[in-house]
>>> print(open('query_29.txt').read())   # compact mmCIF, C-alpha atoms and all ligand atoms
# COMPACT_ATOMS: atom_id res chain seq x y z
CA MET A 282 44.68 -3.74 -35.99
CA LEU A 283 44.10 -5.83 -32.92
CA VAL A 284 47.33 -7.02 -31.43
CA LYS A 285 47.50 -9.25 -28.42
CA LYS A 286 49.09 -7.40 -25.56
CA ARG A 287 52.05 -8.92 -23.83
CA THR A 288 52.76 -7.33 -20.52
CA GLY A 289 56.42 -8.20 -20.25
CA ILE A 290 55.64 -9.24 -16.70
CA GLU A 291 53.80 -12.54 -16.81
CA ILE A 292 54.15 -14.50 -20.00
CA PRO A 293 51.91 -17.55 -20.14
CA SER A 294 53.35 -20.33 -22.25
CA SER A 295 50.32 -19.97 -24.55
CA GLU A 296 51.84 -16.71 -25.76
CA ILE A 297 55.07 -18.25 -26.96
CA THR A 298 55.55 -17.34 -30.60
CA PRO A 299 56.80 -20.38 -32.49
CA LYS A 300 57.87 -18.21 -35.43
CA HIS A 301 60.60 -16.72 -33.27
CA LEU A 302 62.29 -20.04 -32.82
CA TYR A 303 62.53 -20.63 -36.49
CA LEU A 304 63.37 -17.05 -37.35
CA SER A 305 66.08 -16.70 -34.79
CA ARG A 306 67.66 -19.98 -35.82
CA ARG A 307 67.60 -18.90 -39.44
CA LYS A 308 69.05 -15.48 -38.63
CA PHE A 309 71.85 -17.10 -36.68
CA LEU A 310 73.20 -18.45 -39.93
CA LYS A 311 74.09 -15.06 -41.35
CA GLY A 312 77.54 -13.58 -41.16
CA ALA A 313 80.89 -12.63 -42.68
CA ALA A 314 84.04 -10.79 -41.67
CA VAL A 315 83.79 -7.22 -40.48
CA GLY A 316 86.01 -4.51 -41.93
CA ALA A 317 88.79 -3.07 -39.81
CA ALA A 318 88.65 0.40 -38.33
CA THR A 319 90.32 2.02 -35.36
CA LEU A 320 88.68 3.68 -32.40
CA ALA A 321 89.88 5.99 -29.71
CA GLY A 322 88.94 4.62 -26.28
CA SER A 323 87.37 6.54 -23.45
CA ALA A 324 86.62 5.29 -19.98
CA VAL A 325 83.08 6.64 -19.82
CA LEU A 326 79.81 6.21 -21.61
CA ALA A 327 79.20 8.95 -24.13
CA SER A 328 76.59 11.48 -23.08
CA CYS A 329 73.11 11.38 -24.52
CA ARG A 330 72.62 13.26 -27.76
CA PRO A 331 69.78 15.74 -28.14
CA SER A 332 68.42 13.92 -31.16
CA ALA A 333 68.46 10.24 -32.04
CA PRO A 334 68.42 9.69 -35.76
CA GLY A 335 68.06 6.00 -36.53
CA SER A 336 68.81 4.07 -39.66
CA GLU A 337 66.61 4.60 -42.68
CA VAL A 338 65.04 1.16 -42.35
CA GLU A 339 61.40 1.91 -41.55
CA THR A 340 59.65 -1.44 -41.53
CA PRO A 341 60.00 -3.91 -38.69
CA PRO A 342 60.97 -7.29 -40.09
CA GLY A 343 58.57 -9.44 -38.11
CA GLU A 344 55.31 -9.38 -36.25
CA VAL A 345 55.12 -8.28 -32.66
CA GLY A 346 52.48 -9.28 -30.16
CA ALA A 347 51.60 -5.80 -28.94
CA THR A 348 52.16 -2.13 -29.68
CA THR A 349 52.67 -1.06 -26.07
CA ASP A 350 54.25 -2.28 -22.86
CA GLU A 351 52.19 -2.99 -19.74
CA LEU A 352 52.24 0.73 -18.84
CA ASP A 353 50.70 1.55 -22.23
CA ASP A 354 53.94 3.11 -23.43
CA SER A 355 54.36 2.69 -27.19
CA LEU A 356 57.09 0.51 -28.65
CA THR A 357 60.10 2.51 -29.78
CA GLU A 358 60.26 2.62 -33.56
CA TYR A 359 62.25 -0.21 -35.08
CA ARG A 360 64.59 2.16 -36.90
CA HIS A 361 65.68 3.67 -33.57
CA VAL A 362 66.05 0.29 -31.87
CA ILE A 363 68.45 -0.89 -34.57
CA GLY A 364 69.99 2.49 -35.41
CA TYR A 365 70.84 4.06 -32.05
CA ASN A 366 73.11 1.64 -30.23
CA ASN A 367 75.80 1.39 -27.62
CA PHE A 368 78.30 -1.31 -28.60
CA TYR A 369 81.76 0.05 -27.86
CA GLU A 370 83.48 -2.92 -29.47
CA PHE A 371 82.39 -1.41 -32.80
CA ALA A 372 82.04 2.34 -32.30
CA LEU A 373 81.67 4.99 -29.67
CA ASP A 374 78.97 6.91 -31.50
CA LYS A 375 75.56 5.32 -31.53
CA GLU A 376 74.67 6.09 -35.12
CA SER A 377 77.65 4.30 -36.69
CA VAL A 378 77.46 1.04 -34.72
CA ALA A 379 75.01 -0.65 -37.11
CA ALA A 380 77.18 -0.05 -40.19
CA LYS A 381 80.39 -1.06 -38.44
CA ALA A 382 78.83 -4.24 -37.04
CA ALA A 383 77.00 -5.19 -40.24
CA ASN A 384 79.34 -8.05 -41.17
CA PHE A 385 80.00 -9.32 -37.67
CA VAL A 386 80.18 -13.13 -37.83
CA THR A 387 77.54 -14.50 -35.46
CA SER A 388 77.39 -18.05 -36.77
CA PRO A 389 78.89 -20.47 -35.88
CA TRP A 390 78.73 -19.33 -32.27
CA GLN A 391 79.17 -21.05 -28.96
CA VAL A 392 78.31 -20.09 -25.40
CA THR A 393 80.29 -21.94 -22.74
CA VAL A 394 78.58 -22.20 -19.35
CA GLY A 395 80.70 -23.39 -16.47
CA GLY A 396 82.34 -22.51 -13.17
CA LEU A 397 80.52 -23.68 -10.06
CA VAL A 398 78.04 -26.00 -11.77
CA ASN A 399 77.48 -29.75 -11.78
CA ASN A 400 76.86 -29.95 -15.48
CA PRO A 401 79.11 -27.58 -17.49
CA LYS A 402 78.06 -27.28 -21.13
CA THR A 403 78.91 -25.58 -24.37
CA TYR A 404 75.82 -24.54 -26.32
CA ASP A 405 75.79 -23.84 -30.02
CA LEU A 406 73.05 -21.82 -31.66
CA ASP A 407 70.77 -24.77 -32.27
CA ASP A 408 71.03 -25.73 -28.61
CA LEU A 409 70.01 -22.21 -27.55
CA GLY A 410 67.09 -22.32 -29.97
CA LYS A 411 65.75 -25.35 -28.12
CA PHE A 412 64.86 -23.24 -25.09
CA ASP A 413 61.27 -21.99 -25.43
CA GLN A 414 61.46 -18.52 -26.99
CA GLU A 415 59.00 -15.85 -25.85
CA GLU A 416 58.32 -12.26 -26.69
CA ARG A 417 58.89 -9.84 -23.81
CA ILE A 418 58.22 -6.14 -24.14
CA TYR A 419 60.56 -4.31 -21.80
CA ARG A 420 61.65 -0.75 -21.15
CA LEU A 421 65.39 -0.23 -21.60
CA ARG A 422 66.79 2.68 -19.58
CA CYS A 423 70.34 3.83 -20.35
CA VAL A 424 72.35 5.51 -17.59
CA GLU A 425 72.93 8.32 -20.10
CA GLY A 426 69.30 9.39 -19.60
CA TRP A 427 67.50 7.94 -22.60
CA SER A 428 65.14 5.01 -22.89
CA MET A 429 63.31 2.76 -25.34
CA VAL A 430 60.52 0.17 -25.26
CA ILE A 431 61.69 -2.95 -27.09
CA PRO A 432 59.87 -6.17 -28.04
CA TRP A 433 62.57 -8.76 -27.32
CA ILE A 434 62.52 -12.43 -28.14
CA GLY A 435 64.37 -14.78 -25.85
CA PHE A 436 64.19 -17.18 -22.97
CA PRO A 437 64.63 -16.86 -19.22
CA LEU A 438 68.25 -17.12 -18.12
CA SER A 439 66.92 -19.34 -15.31
CA ALA A 440 66.18 -22.07 -17.88
CA LEU A 441 69.81 -22.15 -19.01
CA LEU A 442 71.09 -22.08 -15.43
CA ALA A 443 68.78 -24.92 -14.40
CA ASP A 444 70.28 -26.93 -17.25
CA VAL A 445 73.84 -26.60 -15.88
CA GLU A 446 72.83 -27.05 -12.21
CA PRO A 447 74.58 -24.36 -10.14
CA ARG A 448 76.34 -25.68 -7.04
CA SER A 449 75.39 -24.40 -3.60
CA ASN A 450 78.52 -22.23 -3.34
CA ALA A 451 77.67 -20.33 -6.57
CA LYS A 452 76.68 -16.77 -5.57
CA TYR A 453 77.07 -14.74 -8.76
CA VAL A 454 76.90 -15.14 -12.53
CA ARG A 455 79.66 -13.65 -14.67
CA PHE A 456 79.11 -12.93 -18.37
CA GLU A 457 81.69 -12.26 -21.06
CA THR A 458 81.38 -10.85 -24.59
CA LEU A 459 83.39 -12.28 -27.48
CA TYR A 460 86.99 -11.04 -27.58
CA ASP A 461 87.97 -10.67 -31.23
CA PRO A 462 89.84 -7.44 -32.04
CA GLU A 463 89.99 -8.47 -35.70
CA GLN A 464 86.25 -8.17 -35.95
CA MET A 465 85.68 -5.69 -33.14
CA PRO A 466 87.94 -2.75 -33.75
CA GLY A 467 87.04 -1.07 -30.46
CA GLN A 468 88.83 -3.89 -28.64
CA ARG A 469 92.11 -2.63 -30.08
CA SER A 470 91.82 0.48 -27.95
CA ARG A 471 93.42 0.34 -24.53
CA GLY A 472 90.74 2.59 -23.06
CA TYR A 473 88.91 -0.40 -21.55
CA SER A 474 89.84 -3.79 -20.17
CA TRP A 475 88.33 -6.03 -22.81
CA PRO A 476 86.43 -8.24 -23.14
CA TYR A 477 83.22 -6.62 -21.87
CA VAL A 478 82.26 -8.34 -18.62
CA GLU A 479 79.08 -8.06 -16.59
CA GLY A 480 77.66 -9.82 -13.57
CA LEU A 481 74.50 -10.54 -11.63
CA ARG A 482 73.80 -11.95 -8.21
CA LEU A 483 72.43 -15.47 -8.61
CA ASP A 484 68.96 -14.51 -7.34
CA GLU A 485 68.85 -11.66 -9.89
CA ALA A 486 69.99 -14.03 -12.61
CA VAL A 487 67.23 -16.57 -11.95
CA HIS A 488 64.51 -13.90 -11.61
CA ASP A 489 61.78 -14.49 -14.17
CA LEU A 490 62.27 -11.05 -15.77
CA THR A 491 65.92 -11.79 -16.61
CA LEU A 492 66.13 -12.76 -20.25
CA LEU A 493 68.69 -14.12 -22.66
CA ALA A 494 67.55 -12.35 -25.82
CA THR A 495 67.98 -13.92 -29.23
CA GLY A 496 65.82 -11.52 -31.23
CA LEU A 497 63.74 -8.37 -31.36
CA TYR A 498 60.79 -7.10 -33.35
CA GLY A 499 59.91 -10.62 -34.47
CA GLU A 500 63.32 -11.51 -35.93
CA GLY A 501 66.77 -12.64 -34.81
CA LEU A 502 69.00 -10.02 -33.19
CA PRO A 503 70.82 -7.67 -35.55
CA PRO A 504 74.59 -7.58 -34.87
CA GLN A 505 74.41 -4.06 -33.43
CA ASN A 506 71.93 -5.23 -30.80
CA GLY A 507 74.18 -8.02 -29.57
CA ALA A 508 73.68 -10.98 -31.89
CA PRO A 509 73.39 -13.83 -31.49
CA VAL A 510 72.60 -13.73 -27.77
CA ARG A 511 72.62 -10.96 -25.16
CA LEU A 512 71.38 -10.34 -21.65
CA VAL A 513 68.31 -8.20 -20.87
CA VAL A 514 67.68 -7.21 -17.24
CA PRO A 515 64.95 -4.57 -17.51
CA TRP A 516 65.16 -3.06 -14.00
CA LYS A 517 68.87 -2.25 -14.38
CA TYR A 518 70.66 0.35 -16.49
CA GLY A 519 71.30 -0.63 -20.08
CA PHE A 520 75.01 -1.30 -19.62
CA LYS A 521 74.22 -4.43 -17.59
CA ASN A 522 72.66 -5.90 -20.75
CA ILE A 523 75.86 -7.43 -22.10
CA LYS A 524 75.88 -8.25 -25.81
CA SER A 525 77.24 -11.10 -27.95
CA ILE A 526 77.90 -13.42 -25.01
CA VAL A 527 80.36 -16.32 -25.35
CA LYS A 528 80.95 -17.27 -21.72
CA ILE A 529 78.80 -17.56 -18.60
CA ASP A 530 80.39 -18.65 -15.32
CA LEU A 531 78.86 -19.32 -11.94
CA VAL A 532 81.24 -17.88 -9.35
CA GLU A 533 81.56 -17.27 -5.63
CA GLU A 534 82.96 -13.71 -5.72
CA MET A 535 81.21 -10.64 -7.08
CA PRO A 536 82.41 -10.17 -10.69
CA ILE A 537 84.12 -6.90 -11.59
CA SER A 538 82.42 -5.55 -14.70
CA LEU A 539 84.16 -3.60 -17.45
CA TRP A 540 82.44 -0.43 -16.23
CA MET A 541 83.32 -0.97 -12.56
CA GLN A 542 86.92 -1.42 -13.64
CA ALA A 543 86.86 1.65 -15.90
CA SER A 544 85.29 4.00 -13.37
CA PRO A 545 84.32 2.53 -9.98
CA ARG A 546 83.08 5.89 -8.72
CA GLU A 547 80.53 6.06 -11.52
CA TYR A 548 79.49 2.44 -12.03
CA GLY A 549 78.52 0.08 -9.24
CA PHE A 550 77.78 -3.62 -9.44
CA TYR A 551 74.02 -3.38 -8.99
CA ALA A 552 73.19 -0.57 -11.44
CA ASN A 553 69.50 -0.71 -10.53
CA VAL A 554 67.54 2.11 -12.13
CA ASN A 555 67.01 4.60 -9.32
CA PRO A 556 65.90 8.22 -9.80
CA GLU A 557 67.22 9.09 -6.34
CA VAL A 558 70.80 8.00 -6.93
CA PRO A 559 72.38 10.35 -9.47
CA HIS A 560 75.30 9.28 -11.61
CA PRO A 561 78.19 11.72 -11.00
CA ARG A 562 77.62 13.23 -14.46
CA TRP A 563 73.90 12.68 -15.06
CA SER A 564 70.85 13.06 -12.86
CA GLN A 565 68.78 9.90 -13.07
CA ALA A 566 65.50 11.60 -12.11
CA THR A 567 64.20 11.88 -15.67
CA GLU A 568 64.76 10.33 -19.06
CA ARG A 569 64.02 10.98 -22.72
CA ARG A 570 62.19 8.23 -24.55
CA ILE A 571 63.85 7.92 -27.96
CA GLY A 572 61.47 9.30 -30.57
CA GLU A 573 59.95 11.81 -28.13
CA SER A 574 61.17 15.25 -27.18
CA ALA A 575 59.81 15.80 -23.67
CA ARG A 576 61.47 14.18 -20.69
CA ARG A 577 59.54 11.92 -18.34
CA ASP A 578 60.11 10.89 -14.73
CA THR A 579 62.14 7.73 -14.23
CA PRO A 580 60.46 5.23 -11.91
CA ILE A 581 62.45 3.23 -9.36
CA PHE A 582 63.62 -0.11 -10.79
CA ASN A 583 62.51 1.21 -14.19
CA GLY A 584 58.87 0.51 -13.30
CA TYR A 585 59.45 -3.12 -12.24
CA ALA A 586 59.50 -2.50 -8.46
CA ASP A 587 56.58 -4.83 -7.75
CA GLN A 588 58.53 -7.67 -9.30
CA VAL A 589 62.05 -7.00 -8.04
CA ALA A 590 62.13 -4.67 -4.99
CA ALA A 591 62.12 -7.69 -2.65
CA LEU A 592 65.52 -8.72 -4.01
CA TYR A 593 67.05 -5.68 -2.31
CA GLU A 594 65.13 -5.60 0.97
CA GLY A 595 67.24 -4.19 3.77
CA MET A 596 69.98 -2.99 1.41
CA ASP A 597 71.07 0.65 1.28
CA LEU A 598 70.54 1.46 -2.40
CA GLN A 599 72.68 4.61 -2.13
CA VAL A 600 75.66 2.50 -1.09
CA ASN A 601 74.87 -0.50 -3.30
CA PHE A 602 74.42 1.54 -6.46
N1 LIG A 701 77.57 -4.96 -24.44
C1 LIG A 701 78.78 -4.92 -24.98
N2 LIG A 701 79.46 -6.06 -25.18
N3 LIG A 701 79.38 -3.74 -25.34
C2 LIG A 701 78.76 -2.54 -25.12
O1 LIG A 701 79.33 -1.49 -25.45
N4 LIG A 701 76.79 -1.40 -24.26
C3 LIG A 701 75.76 -1.47 -23.20
C4 LIG A 701 74.84 -2.68 -23.39
N5 LIG A 701 75.62 -3.87 -23.71
C5 LIG A 701 77.47 -2.55 -24.53
C6 LIG A 701 76.88 -3.81 -24.23
C7 LIG A 701 74.97 -0.26 -23.10
S1 LIG A 701 75.76 1.09 -22.42
C8 LIG A 701 73.66 -0.20 -23.46
S2 LIG A 701 72.70 1.17 -23.14
C9 LIG A 701 73.01 -1.33 -24.15
O2 LIG A 701 73.92 -2.39 -24.44
C10 LIG A 701 72.43 -0.85 -25.46
O3 LIG A 701 71.73 -1.88 -26.10
P1 LIG A 701 71.08 -1.59 -27.53
O4 LIG A 701 72.15 -1.02 -28.42
O5 LIG A 701 70.56 -2.89 -28.00
O6 LIG A 701 69.97 -0.58 -27.28
>>> encode(input="query_29.txt", output="structure tokens")
Amino acid sequence: MLVKKRTGIEIPSSEITPKHLYLSRRKFLKGAAVGAATLAGSAVLASCRPSAPGSEVETPPGEVGATTDELDDSLTEYRHVIGYNNFYEFALDKESVAAKAANFVTSPWQVTVGGLVNNPKTYDLDDLGKFDQEERIYRLRCVEGWSMVIPWIGFPLSALLADVEPRSNAKYVRFETLYDPEQMPGQRSRGYSWPYVEGLRLDEAVHDLTLLATGLYGEGLPPQNGAPVRLVVPWKYGFKNIKSIVKIDLVEEMPISLWMQASPREYGFYANVNPEVPHPRWSQATERRIGESARRDTPIFNGYADQVAALYEGMDLQVNF
């Protein structure tokens, strides 16, 4: 089957998939209350498992524009993408996240964008659907040493930020996940300072690769992948890709993320994929692509150096890890 290749690097507007708009809007309308369960907290990411069994769902729900990324790496199977997840608000083990998040209420949903902006706004799902949705095939590299290739649907964060007009003193963007311990049993554990918070420098946030994802594999985001809207920054470790966002603030000071707070020695603000800067517990030199057994070398900036290296010119990447 001939499938049009989308590089994930330059996405001409002619490649926008209108179906995504309608699908993601429709998917947004699903939801109910999630069952309660308790979790024991831990201040570190769980280590990578030797095998990655996914859910039993085999068939991707929608069409995708290509079967590989721009490096000719195959898409990770849908069942792994939706069955092997990190979402500590629901579970600490990757295989049970999908079941525990299945009834997470993701509609109605609002994202409030404010702080140092001229035009603060609260967006509901329909408002987010009005931004032109594109498919972007990106590699996702987890700091635990595994990776996937995922066909996301979403829109550049820069479009949202342009809409609220950052002021000249805005230097960083701070993101927050929903805080709702009723629905998210992990937030009842005191192991972390909830809600999940992440941050980007403003120039990183407006970079064309930085996406607000609303779907994957041709459909709206499943709850376990961060429905209804999550961040995707493909040259950074997976934990920067904050899920189920409700608040975005433009700020002057560097935000302290949940992971920086939990373990500053292990998690820096930048979290750029870098094979030469090991995590205290895991070498970052190689990775295992989920669905494969052999390990492969990890490229600097996760293979996106041509696009993003200039953002860090003159910076010591060992210090600014
Ligand atoms: N966002 C929130 N709110 N909570 C989390 O636990 N985990 C992060 C990131 N975003 C996480 C989160 C980590 S460690 C990774 S690797 C990615 O989500 C995993 O995204 P995926 O499950 O869609 O592959």
>>> residues_near_ligand(input="query_29.txt", ligand="ligand LIG 701 (chain A)", cutoff="6 Å", atoms="all atoms listed in the file", output="PyMOL selection string")
chain A and resi 366-370+423+458+477+506+519-520+522-524
>>> atom_distance(input="query_29.txt", atom1="CA of Lys528 in chain A", atom2="CA of Ala383 in chain A")
22.5 Å
>>> atom_distance(input="query_29.txt", atom1="CA of Pro447 in chain A", atom2="CA of Val478 in chain A")
19.7 Å
>>> closest_residue(input="query_29.txt", among="A:Leu421, A:Ala590, A:Leu442, A:Ala552", to="Trp540 in chain A", atoms="all atoms listed in the file")
A:Ala552
>>> closest_residue(input="query_29.txt", among="A:Thr567, A:Ser544, A:Ser470, A:Asn583", to="Pro515 in chain A", atoms="all atoms listed in the file")
A:Asn583
>>> atom_distance(input="query_29.txt", atom1="CA of Val398 in chain A", atom2="CA of Ser439 in chain A")
13.4 Å
>>> closest_residue(input="query_29.txt", among="A:His560, A:Arg569, A:Lys375, A:His488", to="Gln588 in chain A", atoms="all atoms listed in the file")
A:His488
>>> closest_residue(input="query_29.txt", among="A:Leu531, A:Leu406, A:Ile526, A:Ala486", to="Arg455 in chain A", atoms="only C-alpha atoms")
A:Leu531
>>> closest_residue(input="query_29.txt", among="A:Leu598, A:Met429, A:Ala372, A:Val378", to="Thr357 in chain A", atoms="only C-alpha atoms")
A:Met429
>>> axis_aligned_box(input="query_29.txt", around="range 536-553 of chain A", padding_each_side="4 Å", output="AutoDock Vina command-line options")
--center_x 78.2 --center_y -2.1 --center_z -13.1 --size_x 25.4 --size_y 24.2 --size_z 16.7
>>> residues_near_point(input="query_29.txt", point="(81.2, 7.4, -12.7)", cutoff="10 Å", atoms="all atoms listed in the file", output="JSON, numbers by chain")
{"A": [324, 325, 326, 540, 541, 543, 544, 545, 546, 547, 548, 549, 559, 560, 561, 562, 563]}
>>> closest_residue(input="query_29.txt", among="A:Gln468, A:Asn399, A:Thr349, A:Thr491", to="Asp444 in chain A", atoms="only C-alpha atoms")
A:Asn399
